[in-house]
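Novice: As input, take run-v3.pdb (PDB, C-alpha atoms):
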```pdb
ATOM      1  CA  MET A   1     186.355 211.735-112.016
ATOM      2  CA  MET A   2     184.385 209.292-109.923
ATOM      3  CA  LYS A   3     185.176 205.611-109.924
ATOM      4  CA  LYS A   4     182.956 203.291-111.878
ATOM      5  CA  ASN A   5     179.948 201.884-110.092
ATOM      6  CA  THR A   6     179.130 198.454-111.493
ATOM      7  CA  MET A   7     175.488 198.854-110.457
ATOM      8  CA  ALA A   8     174.963 201.763-112.885
ATOM      9  CA  THR A   9     174.628 201.617-116.674
ATOM     10  CA  PRO A  10     177.191 203.604-118.718
ATOM     11  CA  SER A  11     174.658 206.322-119.521
ATOM     12  CA  ALA A  12     173.516 206.463-115.888
ATOM     13  CA  GLU A  13     177.138 206.843-114.756
ATOM     14  CA  LYS A  14     177.610 209.799-117.095
ATOM     15  CA  ILE A  15     174.407 211.397-115.827
ATOM     16  CA  LEU A  16     175.304 210.848-112.165
ATOM     17  CA  ASN A  17     178.805 212.239-112.648
ATOM     18  CA  SER A  18     177.328 215.264-114.416
ATOM     19  CA  ALA A  19     174.813 215.731-111.608
ATOM     20  CA  VAL A  20     177.576 215.758-108.976
ATOM     21  CA  ASN A  21     179.576 218.237-111.045
ATOM     22  CA  ALA A  22     176.481 220.429-111.398
ATOM     23  CA  LEU A  23     175.997 220.395-107.636
ATOM     24  CA  LEU A  24     179.586 221.495-107.112
ATOM     25  CA  THR A  25     179.678 224.195-109.772
ATOM     26  CA  GLN A  26     176.121 225.550-109.773
ATOM     27  CA  GLY A  27     174.515 224.507-106.505
ATOM     28  CA  TYR A  28     171.298 222.564-106.093
ATOM     29  CA  ASP A  29     168.861 225.311-107.055
ATOM     30  CA  ALA A  30     170.650 226.513-110.195
ATOM     31  CA  ALA A  31     171.502 223.072-111.560
ATOM     32  CA  SER A  32     169.124 222.167-114.383
ATOM     33  CA  MET A  33     168.147 218.826-115.849
ATOM     34  CA  ASP A  34     168.771 220.162-119.364
ATOM     35  CA  ASP A  35     172.334 221.212-118.512
ATOM     36  CA  ILE A  36     173.023 217.869-116.846
ATOM     37  CA  ALA A  37     171.741 215.954-119.875
ATOM     38  CA  ALA A  38     173.895 218.065-122.203
ATOM     39  CA  SER A  39     176.963 217.615-120.014
ATOM     40  CA  ALA A  40     176.417 213.844-119.893
ATOM     41  CA  GLY A  41     175.956 213.678-123.669
ATOM     42  CA  VAL A  42     172.486 212.138-123.433
ATOM     43  CA  SER A  43     169.085 213.291-124.552
ATOM     44  CA  ARG A  44     166.627 214.894-122.168
ATOM     45  CA  ARG A  45     164.340 211.923-122.740
ATOM     46  CA  THR A  46     167.079 209.463-121.738
ATOM     47  CA  LEU A  47     167.711 211.409-118.549
ATOM     48  CA  PHE A  48     164.051 211.501-117.534
ATOM     49  CA  ASN A  49     163.581 207.832-118.430
ATOM     50  CA  GLN A  50     166.196 206.956-115.822
ATOM     51  CA  PHE A  51     165.555 209.720-113.276
ATOM     52  CA  SER A  52     161.997 210.964-113.185
ATOM     53  CA  THR A  53     162.643 214.190-111.252
ATOM     54  CA  LYS A  54     165.488 216.450-110.238
ATOM     55  CA  GLU A  55     165.044 215.320-106.637
ATOM     56  CA  VAL A  56     165.374 211.649-107.595
ATOM     57  CA  LEU A  57     168.438 212.392-109.724
ATOM     58  CA  PHE A  58     170.296 214.143-106.930
ATOM     59  CA  GLU A  59     169.355 211.464-104.405
ATOM     60  CA  LYS A  60     170.901 208.855-106.684
ATOM     61  CA  ALA A  61     173.897 211.090-107.425
ATOM     62  CA  ILE A  62     174.705 211.425-103.728
ATOM     63  CA  GLU A  63     174.273 207.685-103.183
ATOM     64  CA  TYR A  64     176.510 207.011-106.202
ATOM     65  CA  PHE A  65     179.136 209.421-104.916
ATOM     66  CA  TRP A  66     179.341 207.699-101.536
ATOM     67  CA  SER A  67     179.709 204.302-103.239
ATOM     68  CA  ARG A  68     183.381 205.248-103.712
ATOM     69  CA  LEU A  69     183.833 204.498-100.010
ATOM     70  CA  PRO A  70     183.967 200.654 -99.991
ATOM     71  CA  VAL A  71     183.429 200.032 -96.274
ATOM     72  CA  VAL A  72     180.798 197.358 -96.952
ATOM     73  CA  GLN A  73     183.160 195.351 -99.162
ATOM     74  CA  LEU A  74     186.233 195.798 -96.973
ATOM     75  CA  SER A  75     184.456 194.895 -93.740
ATOM     76  CA  THR A  76     183.435 191.485 -95.060
ATOM     77  CA  THR A  77     186.750 190.247 -96.496
ATOM     78  CA  GLN A  78     188.300 187.094 -95.053
ATOM     79  CA  GLU A  79     191.371 189.052 -93.914
ATOM     80  CA  ALA A  80     189.291 191.686 -92.128
ATOM     81  CA  MET A  81     187.147 189.108 -90.370
ATOM     82  CA  ALA A  82     190.168 187.125 -89.164
ATOM     83  CA  ASP A  83     192.145 190.064 -87.795
ATOM     84  CA  PRO A  84     190.646 193.345 -86.535
ATOM     85  CA  GLN A  85     193.958 195.174 -86.925
ATOM     86  CA  THR A  86     194.039 194.312 -90.622
ATOM     87  CA  GLY A  87     190.362 195.117 -91.047
ATOM     88  CA  LEU A  88     190.557 198.444 -89.262
ATOM     89  CA  MET A  89     193.640 199.455 -91.261
ATOM     90  CA  GLN A  90     191.870 198.653 -94.536
ATOM     91  CA  ILE A  91     188.703 200.478 -93.512
ATOM     92  CA  GLY A  92     190.618 203.423 -92.064
ATOM     93  CA  LEU A  93     192.719 203.881 -95.198
ATOM     94  CA  ALA A  94     189.583 203.718 -97.336
ATOM     95  CA  ILE A  95     188.019 206.493 -95.238
ATOM     96  CA  ALA A  96     191.188 208.603 -95.441
ATOM     97  CA  ASP A  97     191.489 208.089 -99.206
ATOM     98  CA  PHE A  98     187.825 208.951 -99.756
ATOM     99  CA  TRP A  99     188.294 212.297 -98.040
ATOM    100  CA  ALA A 100     191.637 212.937 -99.746
ATOM    101  CA  ALA A 101     189.750 213.666-102.969
ATOM    102  CA  ASP A 102     189.001 217.366-103.461
ATOM    103  CA  THR A 103     185.545 216.426-104.736
ATOM    104  CA  SER A 104     184.633 214.888-101.368
ATOM    105  CA  ILE A 105     185.616 218.061 -99.531
ATOM    106  CA  LYS A 106     183.874 220.334-102.033
ATOM    107  CA  LEU A 107     180.667 218.309-101.829
ATOM    108  CA  ALA A 108     180.697 218.472 -98.005
ATOM    109  CA  ARG A 109     181.112 222.252 -98.203
ATOM    110  CA  MET A 110     178.270 222.508-100.697
ATOM    111  CA  ILE A 111     175.950 220.435 -98.510
ATOM    112  CA  VAL A 112     176.659 222.674 -95.513
ATOM    113  CA  ARG A 113     176.143 225.796 -97.623
ATOM    114  CA  GLU A 114     172.862 224.624 -99.167
ATOM    115  CA  SER A 115     171.396 222.757 -96.201
ATOM    116  CA  GLU A 116     169.509 225.710 -94.744
ATOM    117  CA  ARG A 117     167.579 226.314 -97.984
ATOM    118  CA  PHE A 118     167.342 222.641 -98.959
ATOM    119  CA  PRO A 119     167.311 220.526 -95.774
ATOM    120  CA  SER A 120     166.415 217.392 -97.738
ATOM    121  CA  LEU A 121     169.797 217.637 -99.453
ATOM    122  CA  ALA A 122     171.650 217.347 -96.147
ATOM    123  CA  LYS A 123     169.307 214.573 -95.012
ATOM    124  CA  ASN A 124     169.977 212.565 -98.176
ATOM    125  CA  TYR A 125     173.719 213.172 -97.857
ATOM    126  CA  LEU A 126     173.634 211.570 -94.418
ATOM    127  CA  GLU A 127     171.035 208.837 -94.959
ATOM    128  CA  LEU A 128     172.232 207.692 -98.399
ATOM    129  CA  GLY A 129     175.945 207.994 -97.748
ATOM    130  CA  LYS A 130     177.430 208.486 -94.325
ATOM    131  CA  VAL A 131     174.896 206.446 -92.357
ATOM    132  CA  PRO A 132     175.212 203.262 -94.507
ATOM    133  CA  ALA A 133     179.027 203.493 -94.409
ATOM    134  CA  LEU A 134     179.017 203.944 -90.641
ATOM    135  CA  GLY A 135     176.484 201.129 -90.319
ATOM    136  CA  SER A 136     178.849 198.757 -92.104
ATOM    137  CA  LEU A 137     181.624 199.636 -89.671
ATOM    138  CA  ILE A 138     179.272 199.149 -86.700
ATOM    139  CA  ARG A 139     178.281 195.701 -87.982
ATOM    140  CA  TYR A 140     181.932 194.803 -88.490
ATOM    141  CA  LEU A 141     182.791 195.786 -84.934
ATOM    142  CA  ALA A 142     179.798 193.844 -83.622
ATOM    143  CA  GLN A 143     181.017 190.753 -85.484
ATOM    144  CA  GLN A 144     184.507 191.199 -84.035
ATOM    145  CA  ASN A 145     182.918 191.593 -80.622
ATOM    146  CA  ALA A 146     180.945 188.384 -81.040
ATOM    147  CA  ALA A 147     184.063 186.521 -82.199
ATOM    148  CA  GLY A 148     185.934 187.614 -79.090
ATOM    149  CA  HIS A 149     188.524 189.648 -80.995
ATOM    150  CA  LEU A 150     187.283 192.934 -79.511
ATOM    151  CA  LYS A 151     185.455 193.798 -76.324
ATOM    152  CA  MET A 152     183.127 196.795 -76.275
ATOM    153  CA  GLU A 153     179.755 197.631 -74.790
ATOM    154  CA  ASP A 154     178.691 200.192 -77.390
ATOM    155  CA  THR A 155     179.730 199.411 -80.975
ATOM    156  CA  ASP A 156     177.963 202.525 -82.293
ATOM    157  CA  LEU A 157     180.040 204.783 -80.047
ATOM    158  CA  ALA A 158     183.221 202.836 -80.787
ATOM    159  CA  ALA A 159     182.668 203.167 -84.559
ATOM    160  CA  ARG A 160     182.188 206.931 -84.261
ATOM    161  CA  GLN A 161     185.315 207.192 -82.126
ATOM    162  CA  PHE A 162     187.356 205.352 -84.750
ATOM    163  CA  VAL A 163     186.077 207.484 -87.611
ATOM    164  CA  GLY A 164     186.577 210.624 -85.531
ATOM    165  CA  MET A 165     190.255 209.827 -84.968
ATOM    166  CA  ILE A 166     190.695 209.814 -88.757
ATOM    167  CA  ASN A 167     188.408 212.654 -89.767
ATOM    168  CA  GLU A 168     189.472 215.144 -87.107
ATOM    169  CA  PRO A 169     193.072 215.521 -88.345
ATOM    170  CA  LEU A 170     192.381 214.887 -92.043
ATOM    171  CA  VAL A 171     188.967 216.309 -92.937
ATOM    172  CA  TRP A 172     187.441 219.183 -91.023
ATOM    173  CA  PHE A 173     190.234 221.725 -91.376
ATOM    174  CA  ARG A 174     190.117 221.078 -95.134
ATOM    175  CA  VAL A 175     186.351 221.564 -95.206
ATOM    176  CA  LEU A 176     186.958 224.977 -93.638
ATOM    177  CA  GLY A 177     189.734 225.720 -96.126
ATOM    178  CA  LEU A 178     192.373 225.950 -93.382
ATOM    179  CA  LYS A 179     194.578 223.023 -94.330
ATOM    180  CA  ASP A 180     195.911 221.330 -97.473
ATOM    181  CA  GLU A 181     195.341 217.706 -98.401
ATOM    182  CA  ALA A 182     197.483 215.227 -96.476
ATOM    183  CA  ASN A 183     199.787 213.079 -98.571
ATOM    184  CA  ILE A 184     199.582 209.289 -98.493
ATOM    185  CA  THR A 185     202.344 208.991 -95.861
ATOM    186  CA  GLN A 186     200.530 211.389 -93.561
ATOM    187  CA  ARG A 187     197.223 209.594 -94.102
ATOM    188  CA  GLU A 188     198.775 206.229 -93.317
ATOM    189  CA  ARG A 189     200.292 207.602 -90.113
ATOM    190  CA  VAL A 190     196.937 208.999 -88.969
ATOM    191  CA  VAL A 191     195.190 205.679 -89.648
ATOM    192  CA  GLN A 192     197.930 203.630 -87.959
ATOM    193  CA  GLU A 193     197.681 205.760 -84.828
ATOM    194  CA  ALA A 194     193.884 205.516 -84.892
ATOM    195  CA  VAL A 195     194.060 201.715 -85.092
ATOM    196  CA  ARG A 196     196.648 201.507 -82.302
ATOM    197  CA  THR A 197     194.640 203.787 -80.051
ATOM    198  CA  PHE A 198     191.393 201.944 -80.809
ATOM    199  CA  LEU A 199     192.888 198.503 -80.138
ATOM    200  CA  SER A 200     194.566 199.689 -76.929
ATOM    201  CA  ARG A 201     191.061 200.431 -75.664
ATOM    202  CA  TYR A 202     188.987 197.624 -77.181
ATOM    203  CA  ALA A 203     191.228 194.661 -78.027
TER
END
```
Could the structure of this file be written out as structure tokens, please?
Specialist:
Amino acid sequence: MMKKNTMATPSAEKILNSAVNALLTQGYDAASMDDIAASAGVSRRTLFNQFSTKEVLFEKAIEYFWSRLPVVQLSTTQEAMADPQTGLMQIGLAIADFWAADTSIKLARMIVRESERFPSLAKNYLELGKVPALGSLIRYLAQQNAAGHLKMEDTDLAARQFVGMINEPLVWFRVLGLKDEANITQRERVVQEAVRTFLSRYA
């Protein structure tokens, strides 16, 4: 079950959760608006009043799904702004926890599988989810740079390096079905090492 998004109404949350589940179980093409409405316990009219087309619904569902990754909120806390080690640990653990959920891995697999037939699905997955999250991290690093806490010439590259140090050991083998989910101790160790390595280069 996805965490509550305070920006969505209760009925919209049910619809968006049902849309994500439909993507995972049926795929984009086979998922129907009628089935999603029935699964969400709302009328077809209610669904179309809130989401005019199937394309709009799945765009919002992907955006809603990625809202579980709170990089924007974490990167602006007083603690994160005062100390990059604290901020990077908080952000890194949020990234690791986001990918620890089976639903996150299954959705990534589905996007890869469906992207050739429905390229807009992959585009939305990136532009509505990954890109905004990465952008928040880039802005955070730029602020730390400006404050003199970090020193880097390319904050975009540095952000991708940081995320890569977390995702490489925790995510991609799971996407391929070659590795089980890491437990919380293992995730914390990966993030701690990523932060240490990052700060040894950029502090």
Novice: Evaluate the PyMOL selection byres ((chain A and resi 188) around 10) and record the selected residues as a list in words, following the chain and residue labels used in the document.
Specialist: Met89, Gly92, Leu93, Ala96, Asp97, Ile166, Ala182, Asn183, Ile184, Thr185, Gln186, Arg187, Arg189, Val190, Val191, Gln192, Glu193 and Ala194 of chain A
Novice: Next, write the just-selected residues to a file, as a tab-separated table (two decimals), in the frame of the given file, keeping C-alpha atoms as the atom set.
Specialist:
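again08.tsv written:
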```tsv
chain	number	residue	atom	x	y	z
A	89	MET	CA	193.64	199.46	-91.26
A	92	GLY	CA	190.62	203.42	-92.06
A	93	LEU	CA	192.72	203.88	-95.20
A	96	ALA	CA	191.19	208.60	-95.44
A	97	ASP	CA	191.49	208.09	-99.21
A	166	ILE	CA	190.70	209.81	-88.76
A	182	ALA	CA	197.48	215.23	-96.48
A	183	ASN	CA	199.79	213.08	-98.57
A	184	ILE	CA	199.58	209.29	-98.49
A	185	THR	CA	202.34	208.99	-95.86
A	186	GLN	CA	200.53	211.39	-93.56
A	187	ARG	CA	197.22	209.59	-94.10
A	189	ARG	CA	200.29	207.60	-90.11
A	190	VAL	CA	196.94	209.00	-88.97
A	191	VAL	CA	195.19	205.68	-89.65
A	192	GLN	CA	197.93	203.63	-87.96
A	193	GLU	CA	197.68	205.76	-84.83
A	194	ALA	CA	193.88	205.52	-84.89
```
Novice: Return as AutoDock Vina command-line options the centre and edge lengths, in Å with one decimal, of the box along x, y and z that encloses every atom of region 153-164 of chain A in the file, padded by 8 Å per side.
Specialist:
```
--center_x 182.7 --center_y 204.1 --center_z -81.2 --size_x 25.4 --size_y 29.0 --size_z 28.8
```
Novice: So which one's closest to Ala142 (chain A), A:Phe48, A:Trp172, A:Ala37, A:Pro84? Using only C-alpha atoms, please.
Specialist: A:Pro84
Novice: Considering all atoms listed in the file, can you say which of A:Met81, A:Leu121, A:Leu137, A:Val131 comes closest to Ala94 (chain A)?
Specialist: A:Leu137
Novice: Name the residues in contact with region 30-35 of chain A at a cut-off of 8 Å, using all atoms listed in the file, excluding same-chain residues fewer than 4 positions from it; report them as a ChimeraX atom specification.
Specialist: /A:22-23,26,39,44,47,54
Novice: Identify all residues satisfying the PyMOL selection byres ((chain A and resi 57-73) around 8) in the given file; provide them as number ranges by chain.
Specialist: A: 2-3, 5, 16-17, 19-20, 51-56, 74-77, 91, 94-95, 98, 121, 124-125, 128-130, 133, 136-137
Novice: Would you mind reading off the distance between CA of Ile15 (chain A) and CA of Asn49 (chain A), one decimal, in Å?
Specialist: 11.7 Å
Novice: Which is closer to Phe118 (chain A) than all the others in A:Leu170, A:Asp29, A:Leu141, A:Leu176, using all atoms listed in the file?
Specialist: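 When distances to Phe118 (chain A) are compared using all atoms listed in the file, the smallest one comes from A:Asp29.
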Novice: Out of A:Leu199, A:Ile105, A:Ala122, A:Asp156, which residue has the shortest atom-to-atom distance to Lys179 (chain A) when counting all atoms listed in the file?
Specialist: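 Nearest to Lys179 (chain A): A:Ile105.
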